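> My structure is in structure.pdb, and what it holds is PDB, C-alpha atoms, pLDDT in the B column:
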ATOM      1  CA  MET A  21       0.000   0.000   0.000  1.00 77.00           C
ATOM      2  CA  GLN A  22       1.331   3.392  -0.997  1.00 91.00           C
ATOM      3  CA  ARG A  23       1.067   6.504   1.146  1.00 95.00           C
ATOM      4  CA  PRO A  24      -1.702   8.694  -0.255  1.00 97.00           C
ATOM      5  CA  THR A  25      -1.812  12.182  -1.659  1.00 98.00           C
ATOM      6  CA  LEU A  26      -5.056  13.982  -0.814  1.00 98.00           C
ATOM      7  CA  THR A  27      -6.375  17.223  -2.261  1.00 98.00           C
ATOM      8  CA  SER A  28      -8.863  19.829  -1.152  1.00 97.00           C
ATOM      9  CA  GLU A  29      -9.900  23.209  -2.480  1.00 96.00           C
ATOM     10  CA  ARG A  30      -6.672  24.978  -1.427  1.00 98.00           C
ATOM     11  CA  LEU A  31      -4.382  22.203  -0.216  1.00 98.00           C
ATOM     12  CA  VAL A  32      -2.417  19.138  -1.204  1.00 98.00           C
ATOM     13  CA  LEU A  33      -1.657  16.646   1.553  1.00 98.00           C
ATOM     14  CA  ARG A  34       1.291  14.489   0.559  1.00 98.00           C
ATOM     15  CA  PRO A  35       3.937  12.251   2.108  1.00 98.00           C
ATOM     16  CA  LEU A  36       6.956  13.965   3.631  1.00 98.00           C
ATOM     17  CA  TYR A  37      10.431  13.276   2.253  1.00 96.00           C
ATOM     18  CA  ALA A  38      13.927  13.861   3.620  1.00 96.00           C
ATOM     19  CA  SER A  39      14.212  16.907   1.360  1.00 97.00           C
ATOM     20  CA  ASP A  40      11.380  18.509   3.391  1.00 97.00           C
ATOM     21  CA  SER A  41      13.305  18.375   6.662  1.00 97.00           C
ATOM     22  CA  ARG A  42      14.631  21.975   6.599  1.00 96.00           C
ATOM     23  CA  ARG A  43      11.143  23.383   5.996  1.00 97.00           C
ATOM     24  CA  ILE A  44       9.727  21.250   8.809  1.00 97.00           C
ATOM     25  CA  GLU A  45      12.488  22.422  11.168  1.00 95.00           C
ATOM     26  CA  GLN A  46      11.806  26.037  10.185  1.00 96.00           C
ATOM     27  CA  LEU A  47       8.036  25.869  10.779  1.00 96.00           C
ATOM     28  CA  ALA A  48       7.909  23.490  13.741  1.00 94.00           C
ATOM     29  CA  GLY A  49      10.932  25.180  15.299  1.00 92.00           C
ATOM     30  CA  ASP A  50       8.895  28.298  16.035  1.00 94.00           C
ATOM     31  CA  ASP A  51       8.270  28.384  19.778  1.00 94.00           C
ATOM     32  CA  ARG A  52       4.624  29.373  19.206  1.00 95.00           C
ATOM     33  CA  VAL A  53       4.034  26.112  17.279  1.00 95.00           C
ATOM     34  CA  ALA A  54       5.929  23.938  19.750  1.00 91.00           C
ATOM     35  CA  ALA A  55       4.020  25.461  22.666  1.00 91.00           C
ATOM     36  CA  THR A  56       0.715  24.142  21.276  1.00 90.00           C
ATOM     37  CA  THR A  57       1.851  20.516  20.952  1.00 90.00           C
ATOM     38  CA  LEU A  58       3.003  17.735  23.209  1.00 87.00           C
ATOM     39  CA  SER A  59       5.611  16.235  20.910  1.00 87.00           C
ATOM     40  CA  ILE A  60       7.396  19.107  19.168  1.00 90.00           C
ATOM     41  CA  PRO A  61      10.503  20.151  21.134  1.00 89.00           C
ATOM     42  CA  HIS A  62      11.864  23.659  21.410  1.00 88.00           C
ATOM     43  CA  PRO A  63      14.469  24.441  20.419  1.00 90.00           C
ATOM     44  CA  TYR A  64      14.013  22.057  17.499  1.00 90.00           C
ATOM     45  CA  PRO A  65      17.256  20.058  17.104  1.00 91.00           C
ATOM     46  CA  ASP A  66      19.019  19.855  13.740  1.00 92.00           C
ATOM     47  CA  GLY A  67      18.419  16.473  12.134  1.00 93.00           C
ATOM     48  CA  LEU A  68      15.292  15.658  14.133  1.00 94.00           C
ATOM     49  CA  ALA A  69      12.923  16.331  11.219  1.00 95.00           C
ATOM     50  CA  GLU A  70      14.859  14.006   8.919  1.00 96.00           C
ATOM     51  CA  GLU A  71      14.810  11.283  11.598  1.00 96.00           C
ATOM     52  CA  TRP A  72      11.065  11.789  12.130  1.00 95.00           C
ATOM     53  CA  ILE A  73      10.349  11.680   8.391  1.00 97.00           C
ATOM     54  CA  SER A  74      12.438   8.523   7.934  1.00 97.00           C
ATOM     55  CA  MET A  75      10.012   6.546  10.143  1.00 96.00           C
ATOM     56  CA  HIS A  76       6.845   7.460   8.251  1.00 96.00           C
ATOM     57  CA  GLU A  77       6.897   4.878   5.479  1.00 96.00           C
ATOM     58  CA  SER A  78       7.458   1.847   7.727  1.00 97.00           C
ATOM     59  CA  GLU A  79       4.857   3.043  10.243  1.00 97.00           C
ATOM     60  CA  PHE A  80       2.384   3.506   7.390  1.00 97.00           C
ATOM     61  CA  ILE A  81       3.076  -0.001   6.048  1.00 96.00           C
ATOM     62  CA  GLU A  82       2.497  -1.381   9.556  1.00 96.00           C
ATOM     63  CA  GLN A  83      -0.792   0.596   9.670  1.00 96.00           C
ATOM     64  CA  LYS A  84       0.321   2.446  12.800  1.00 98.00           C
ATOM     65  CA  LEU A  85       0.700   6.021  11.547  1.00 98.00           C
ATOM     66  CA  ILE A  86       0.080   8.206   8.563  1.00 98.00           C
ATOM     67  CA  VAL A  87       1.694  11.650   8.437  1.00 98.00           C
ATOM     68  CA  LEU A  88       1.179  14.017   5.529  1.00 98.00           C
ATOM     69  CA  ALA A  89       2.622  17.422   4.738  1.00 98.00           C
ATOM     70  CA  ILE A  90       0.025  20.148   4.377  1.00 98.00           C
ATOM     71  CA  CYS A  91       0.973  22.086   1.234  1.00 98.00           C
ATOM     72  CA  SER A  92      -0.562  25.133  -0.403  1.00 98.00           C
ATOM     73  CA  GLN A  93      -1.866  24.291  -3.872  1.00 97.00           C
ATOM     74  CA  ALA A  94      -1.004  27.821  -4.983  1.00 96.00           C
ATOM     75  CA  THR A  95       2.676  27.730  -3.958  1.00 96.00           C
ATOM     76  CA  ASN A  96       3.372  24.013  -3.344  1.00 95.00           C
ATOM     77  CA  GLU A  97       5.004  25.138  -0.089  1.00 97.00           C
ATOM     78  CA  ILE A  98       4.651  23.099   3.109  1.00 98.00           C
ATOM     79  CA  ILE A  99       2.619  24.970   5.717  1.00 98.00           C
ATOM     80  CA  GLY A 100       2.177  22.235   8.352  1.00 98.00           C
ATOM     81  CA  ALA A 101       1.515  18.553   8.934  1.00 98.00           C
ATOM     82  CA  VAL A 102      -1.432  16.317   9.780  1.00 98.00           C
ATOM     83  CA  SER A 103      -1.436  12.750  11.086  1.00 98.00           C
ATOM     84  CA  LEU A 104      -3.486   9.781  12.177  1.00 98.00           C
ATOM     85  CA  THR A 105      -2.057   7.491  14.854  1.00 98.00           C
ATOM     86  CA  ILE A 106      -3.901   4.280  14.117  1.00 98.00           C
ATOM     87  CA  LYS A 107      -5.046   1.383  16.298  1.00 98.00           C
ATOM     88  CA  MET A 108      -6.446  -0.832  13.554  1.00 97.00           C
ATOM     89  CA  ASP A 109      -7.502  -3.593  15.983  1.00 97.00           C
ATOM     90  CA  PHE A 110     -10.035  -1.110  17.361  1.00 98.00           C
ATOM     91  CA  GLN A 111     -10.731   0.747  14.080  1.00 98.00           C
ATOM     92  CA  LEU A 112      -9.666   3.871  15.975  1.00 98.00           C
ATOM     93  CA  ALA A 113      -7.212   6.686  15.307  1.00 98.00           C
ATOM     94  CA  GLU A 114      -6.023   9.887  16.927  1.00 98.00           C
ATOM     95  CA  LEU A 115      -5.826  12.974  14.749  1.00 98.00           C
ATOM     96  CA  GLY A 116      -2.815  15.251  15.183  1.00 98.00           C
ATOM     97  CA  TYR A 117      -1.878  18.467  13.400  1.00 98.00           C
ATOM     98  CA  TRP A 118       0.148  21.632  13.461  1.00 97.00           C
ATOM     99  CA  ILE A 119       0.357  24.675  11.186  1.00 97.00           C
ATOM    100  CA  GLY A 120       3.132  27.224  10.730  1.00 97.00           C
ATOM    101  CA  VAL A 121       2.391  30.527  12.477  1.00 97.00           C
ATOM    102  CA  ALA A 122       2.159  32.532   9.222  1.00 97.00           C
ATOM    103  CA  TYR A 123      -0.782  30.299   8.214  1.00 97.00           C
ATOM    104  CA  TRP A 124      -2.813  30.435  11.434  1.00 97.00           C
ATOM    105  CA  ASN A 125      -6.454  31.595  11.377  1.00 96.00           C
ATOM    106  CA  GLN A 126      -6.938  31.011   7.657  1.00 97.00           C
ATOM    107  CA  GLY A 127      -8.887  27.739   7.801  1.00 97.00           C
ATOM    108  CA  TYR A 128      -6.018  25.586   6.520  1.00 98.00           C
ATOM    109  CA  CYS A 129      -5.932  23.341   9.556  1.00 97.00           C
ATOM    110  CA  THR A 130      -9.664  22.596   9.415  1.00 97.00           C
ATOM    111  CA  GLU A 131      -9.468  21.923   5.673  1.00 98.00           C
ATOM    112  CA  ALA A 132      -6.510  19.561   6.044  1.00 98.00           C
ATOM    113  CA  CYS A 133      -7.994  17.732   9.022  1.00 98.00           C
ATOM    114  CA  PHE A 134     -11.276  17.241   7.175  1.00 98.00           C
ATOM    115  CA  GLU A 135      -9.441  15.466   4.352  1.00 98.00           C
ATOM    116  CA  MET A 136      -7.609  13.295   6.859  1.00 98.00           C
ATOM    117  CA  LEU A 137     -10.912  12.381   8.541  1.00 98.00           C
ATOM    118  CA  ARG A 138     -12.363  11.499   5.140  1.00 97.00           C
ATOM    119  CA  TYR A 139      -9.355   9.274   4.423  1.00 98.00           C
ATOM    120  CA  GLY A 140      -9.613   7.612   7.829  1.00 98.00           C
ATOM    121  CA  PHE A 141     -13.281   6.798   7.487  1.00 97.00           C
ATOM    122  CA  GLU A 142     -13.585   6.102   3.755  1.00 96.00           C
ATOM    123  CA  VAL A 143     -10.260   4.396   3.017  1.00 97.00           C
ATOM    124  CA  LEU A 144      -9.080   2.968   6.342  1.00 97.00           C
ATOM    125  CA  ASN A 145     -12.652   2.126   7.406  1.00 98.00           C
ATOM    126  CA  LEU A 146     -12.117   3.492  10.897  1.00 98.00           C
ATOM    127  CA  ASN A 147     -15.048   3.581  13.301  1.00 98.00           C
ATOM    128  CA  LYS A 148     -13.881   6.554  15.356  1.00 98.00           C
ATOM    129  CA  ILE A 149     -11.296   9.312  15.216  1.00 98.00           C
ATOM    130  CA  CYS A 150     -10.403  11.279  18.325  1.00 98.00           C
ATOM    131  CA  ALA A 151      -8.219  14.305  19.010  1.00 98.00           C
ATOM    132  CA  ASN A 152      -6.930  16.161  22.054  1.00 97.00           C
ATOM    133  CA  HIS A 153      -5.739  19.686  22.693  1.00 96.00           C
ATOM    134  CA  PHE A 154      -4.350  21.718  25.550  1.00 95.00           C
ATOM    135  CA  ALA A 155      -7.156  23.600  27.295  1.00 96.00           C
ATOM    136  CA  GLY A 156      -5.006  26.712  26.930  1.00 93.00           C
ATOM    137  CA  ASN A 157      -5.204  26.419  23.131  1.00 94.00           C
ATOM    138  CA  PRO A 158      -8.875  27.124  22.334  1.00 95.00           C
ATOM    139  CA  SER A 159      -8.083  27.680  18.640  1.00 95.00           C
ATOM    140  CA  SER A 160      -7.347  23.978  18.323  1.00 96.00           C
ATOM    141  CA  GLY A 161     -10.691  23.197  19.938  1.00 96.00           C
ATOM    142  CA  LYS A 162     -12.439  25.398  17.379  1.00 97.00           C
ATOM    143  CA  VAL A 163     -10.843  23.362  14.581  1.00 97.00           C
ATOM    144  CA  LEU A 164     -12.201  20.152  16.093  1.00 98.00           C
ATOM    145  CA  GLN A 165     -15.669  21.633  16.595  1.00 97.00           C
ATOM    146  CA  LYS A 166     -15.777  22.825  12.963  1.00 96.00           C
ATOM    147  CA  LEU A 167     -15.017  19.249  11.919  1.00 97.00           C
ATOM    148  CA  GLY A 168     -18.136  18.092  13.747  1.00 96.00           C
ATOM    149  CA  MET A 169     -16.228  16.419  16.567  1.00 97.00           C
ATOM    150  CA  GLN A 170     -17.907  16.194  19.965  1.00 97.00           C
ATOM    151  CA  LYS A 171     -16.272  17.093  23.253  1.00 98.00           C
ATOM    152  CA  GLU A 172     -15.859  13.857  25.212  1.00 98.00           C
ATOM    153  CA  ALA A 173     -13.444  14.581  28.044  1.00 98.00           C
ATOM    154  CA  TYR A 174     -11.813  17.220  30.168  1.00 97.00           C
ATOM    155  CA  LEU A 175      -8.722  15.785  31.840  1.00 97.00           C
ATOM    156  CA  ARG A 176      -7.283  17.960  34.593  1.00 97.00           C
ATOM    157  CA  LYS A 177      -3.493  18.394  34.692  1.00 95.00           C
ATOM    158  CA  HIS A 178      -3.268  15.281  32.561  1.00 95.00           C
ATOM    159  CA  LEU A 179      -0.049  15.791  30.586  1.00 92.00           C
ATOM    160  CA  LYS A 180       3.214  17.502  31.366  1.00 90.00           C
ATOM    161  CA  SER A 181       4.927  19.612  28.730  1.00 87.00           C
ATOM    162  CA  ARG A 182       7.728  22.091  29.332  1.00 83.00           C
ATOM    163  CA  ASN A 183       7.573  21.384  33.058  1.00 88.00           C
ATOM    164  CA  VAL A 184       3.916  22.434  33.240  1.00 91.00           C
ATOM    165  CA  PHE A 185       0.941  20.141  33.738  1.00 94.00           C
ATOM    166  CA  HIS A 186      -1.779  20.857  31.186  1.00 94.00           C
ATOM    167  CA  ASP A 187      -5.498  20.244  31.225  1.00 96.00           C
ATOM    168  CA  ILE A 188      -6.448  18.273  28.105  1.00 97.00           C
ATOM    169  CA  ILE A 189      -9.746  18.434  26.229  1.00 98.00           C
ATOM    170  CA  GLY A 190     -10.674  15.354  24.234  1.00 98.00           C
ATOM    171  CA  TYR A 191     -12.930  15.207  21.188  1.00 98.00           C
ATOM    172  CA  GLY A 192     -14.215  12.387  19.007  1.00 98.00           C
ATOM    173  CA  ILE A 193     -16.272  11.690  15.917  1.00 98.00           C
ATOM    174  CA  LEU A 194     -17.820   8.443  14.736  1.00 98.00           C
ATOM    175  CA  LYS A 195     -17.834   7.295  11.132  1.00 98.00           C
ATOM    176  CA  GLU A 196     -21.625   7.563  10.834  1.00 96.00           C
ATOM    177  CA  GLU A 197     -21.575  11.116  12.235  1.00 96.00           C
ATOM    178  CA  PHE A 198     -18.920  12.198   9.768  1.00 96.00           C
ATOM    179  CA  LEU A 199     -20.595  10.593   6.768  1.00 94.00           C
ATOM    180  CA  SER A 200     -24.038  12.018   7.613  1.00 92.00           C
ATOM    181  CA  ASN A 201     -22.878  15.570   8.385  1.00 81.00           C
ATOM    182  CA  ARG A 202     -20.207  16.569   5.875  1.00 65.00           C
ATOM    183  CA  LYS A 203     -19.378  20.241   6.112  1.00 59.00           C
ATOM    184  CA  PHE A 204     -16.975  20.673   3.203  1.00 52.00           C
TER     185      PHE A 204
END
Rewrite the coordinates I just gave you, this time as structure tokens.

Amino acid sequence: MQRPTLTSERLVLRPLYASDSRRIEQLAGDDRVAATTLSIPHPYPDGLAEEWISMHESEFIEQKLIVLAICSQATNEIIGAVSLTIKMDFQLAELGYWIGVAYWNQGYCTEACFEMLRYGFEVLNLNKICANHFAGNPSSGKVLQKLGMQKEAYLRKHLKSRNVFHDIIGYGILKEEFLSNRKF
């Protein structure tokens, strides 16, 4: 099975390659991006993006993870990344995403995540996709709400990042909900 390329009105979601590592380091290396995620370090170490990208193909083949670059159709430039961490035994995945600061508040994240949800439900035949965000990042919650996801949990001081415990808000959407209520 080959990693997919997905398209939307303004975006192309495609596999990442080693040649993309500098752009990933540039965008993800911004402290404002790293501060909104659990897994992006700051400062972003040289070589980490290439190492991260090198794992994608094998994890996709094993049906554990799919990560795609979010690219502008107009410029072909990477503006972020979107992923599904898959638990195929349960037909379940967790949606993850980040967008470069220059592209915030333009609807790109919602558009990219919608295509990833479509892929998860229509191609991978998942039953449910969930997502979490720091309570201190309400913009991420708005993305999930626009996708039709329902708030399912509020976990107090659940995860530690940068030596601070964060409250986490969890969302989910079922396949039948997504298929019956498409917004794009």
> Any chance you could work out the residue set of the PyMOL selection byres ((chain A and resi 192) around 8) here, as a PyMOL selection string?
chain A and resi 148-151+169-172+190-191+193-194
> From the list A:Lys195, A:His153, A:His76, A:Arg30, which residue is nearest A:Ile90 when using only C-alpha atoms?
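That would be A:Arg30, the residue with the smallest distance to A:Ile90.
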> Near A:Phe80, within 10 Å and counting all atoms listed in the file, which residues show up once chain neighbours fewer than 3 positions away are dropped, as a list in words?
Met21, Gln22, Arg23, Met75, His76, Glu77, Gln83, Lys84, Leu85, Ile86, Val87, Leu104, Thr105 and Ile106 of chain A
> In terms of the shortest atom-to-atom distance over only C-alpha atoms, which of A:Arg52, A:His62, A:Lys107, A:Lys162 is closest to A:Asn145?
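Distance minimum relative to A:Asn145 lands on A:Lys107.
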> Between atom CA of A:Gln93 and atom CA of A:Arg34, what distance in Å does the model show, to one decimal?
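So the two atoms, atom CA of A:Gln93 and atom CA of A:Arg34, lie 11.2 Å apart.
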> Fewer than 2 positions away in the same chain doesn't count, so skip those; otherwise give me all residues within 9 Å of A:Ala132, counting all atoms listed in the file, as a PDB file with C-alpha atoms, in the frame of the given file.

ATOM      1  CA  LEU A  26      -5.056  13.982  -0.814  1.00 98.00           C
ATOM      2  CA  THR A  27      -6.375  17.223  -2.261  1.00 98.00           C
ATOM      3  CA  SER A  28      -8.863  19.829  -1.152  1.00 97.00           C
ATOM      4  CA  LEU A  31      -4.382  22.203  -0.216  1.00 98.00           C
ATOM      5  CA  VAL A  32      -2.417  19.138  -1.204  1.00 98.00           C
ATOM      6  CA  LEU A  33      -1.657  16.646   1.553  1.00 98.00           C
ATOM      7  CA  ILE A  90       0.025  20.148   4.377  1.00 98.00           C
ATOM      8  CA  ALA A 101       1.515  18.553   8.934  1.00 98.00           C
ATOM      9  CA  VAL A 102      -1.432  16.317   9.780  1.00 98.00           C
ATOM     10  CA  TYR A 117      -1.878  18.467  13.400  1.00 98.00           C
ATOM     11  CA  GLY A 127      -8.887  27.739   7.801  1.00 97.00           C
ATOM     12  CA  TYR A 128      -6.018  25.586   6.520  1.00 98.00           C
ATOM     13  CA  CYS A 129      -5.932  23.341   9.556  1.00 97.00           C
ATOM     14  CA  THR A 130      -9.664  22.596   9.415  1.00 97.00           C
ATOM     15  CA  PHE A 134     -11.276  17.241   7.175  1.00 98.00           C
ATOM     16  CA  GLU A 135      -9.441  15.466   4.352  1.00 98.00           C
ATOM     17  CA  MET A 136      -7.609  13.295   6.859  1.00 98.00           C
ATOM     18  CA  LEU A 137     -10.912  12.381   8.541  1.00 98.00           C
TER      19      LEU A 137
END
> List as a PyMOL selection string the protein and nucleic acid residues near A:Asn183, meaning an atom at most 12 Å away when all atoms listed in the file are counted, but skip any in the same chain fewer than 3 places from it.
chain A and resi 55+58+177+179-180+186
> Evaluate the PyMOL selection byres ((chain A and resi 98) around 12) on the structure here and hand back the selected residues as an MDAnalysis selection string.
chainID A and resid 31:37 39:48 88:97 99:102 118:120 122:123 128
> So that I can check the surroundings of A:Asp187, please list as number ranges by chain every protein, DNA and RNA residue that reaches within 8 Å of it, counting all atoms listed in the file and ignoring chain neighbours fewer than 2 positions away.
A: 154-156, 174-179, 185, 189
> Please measure the separation of atom CA of A:Tyr139 and atom CA of A:Asp50, giving the value in Å to one decimal.
28.8 Å
> Tell me which of A:Ala38, A:Ile188, A:Leu199, A:Val163 sits closest to A:Phe141, counting all atoms listed in the file.
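Ranking A:Ala38, A:Ile188, A:Leu199, A:Val163 by distance to A:Phe141, first place goes to A:Leu199.
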> May I ask which of the residues A:Pro63, A:Asn201, A:Ser160, A:Glu70 is the closest one to A:Trp124, counting only C-alpha atoms?
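Distance minimum relative to A:Trp124 lands on A:Ser160.
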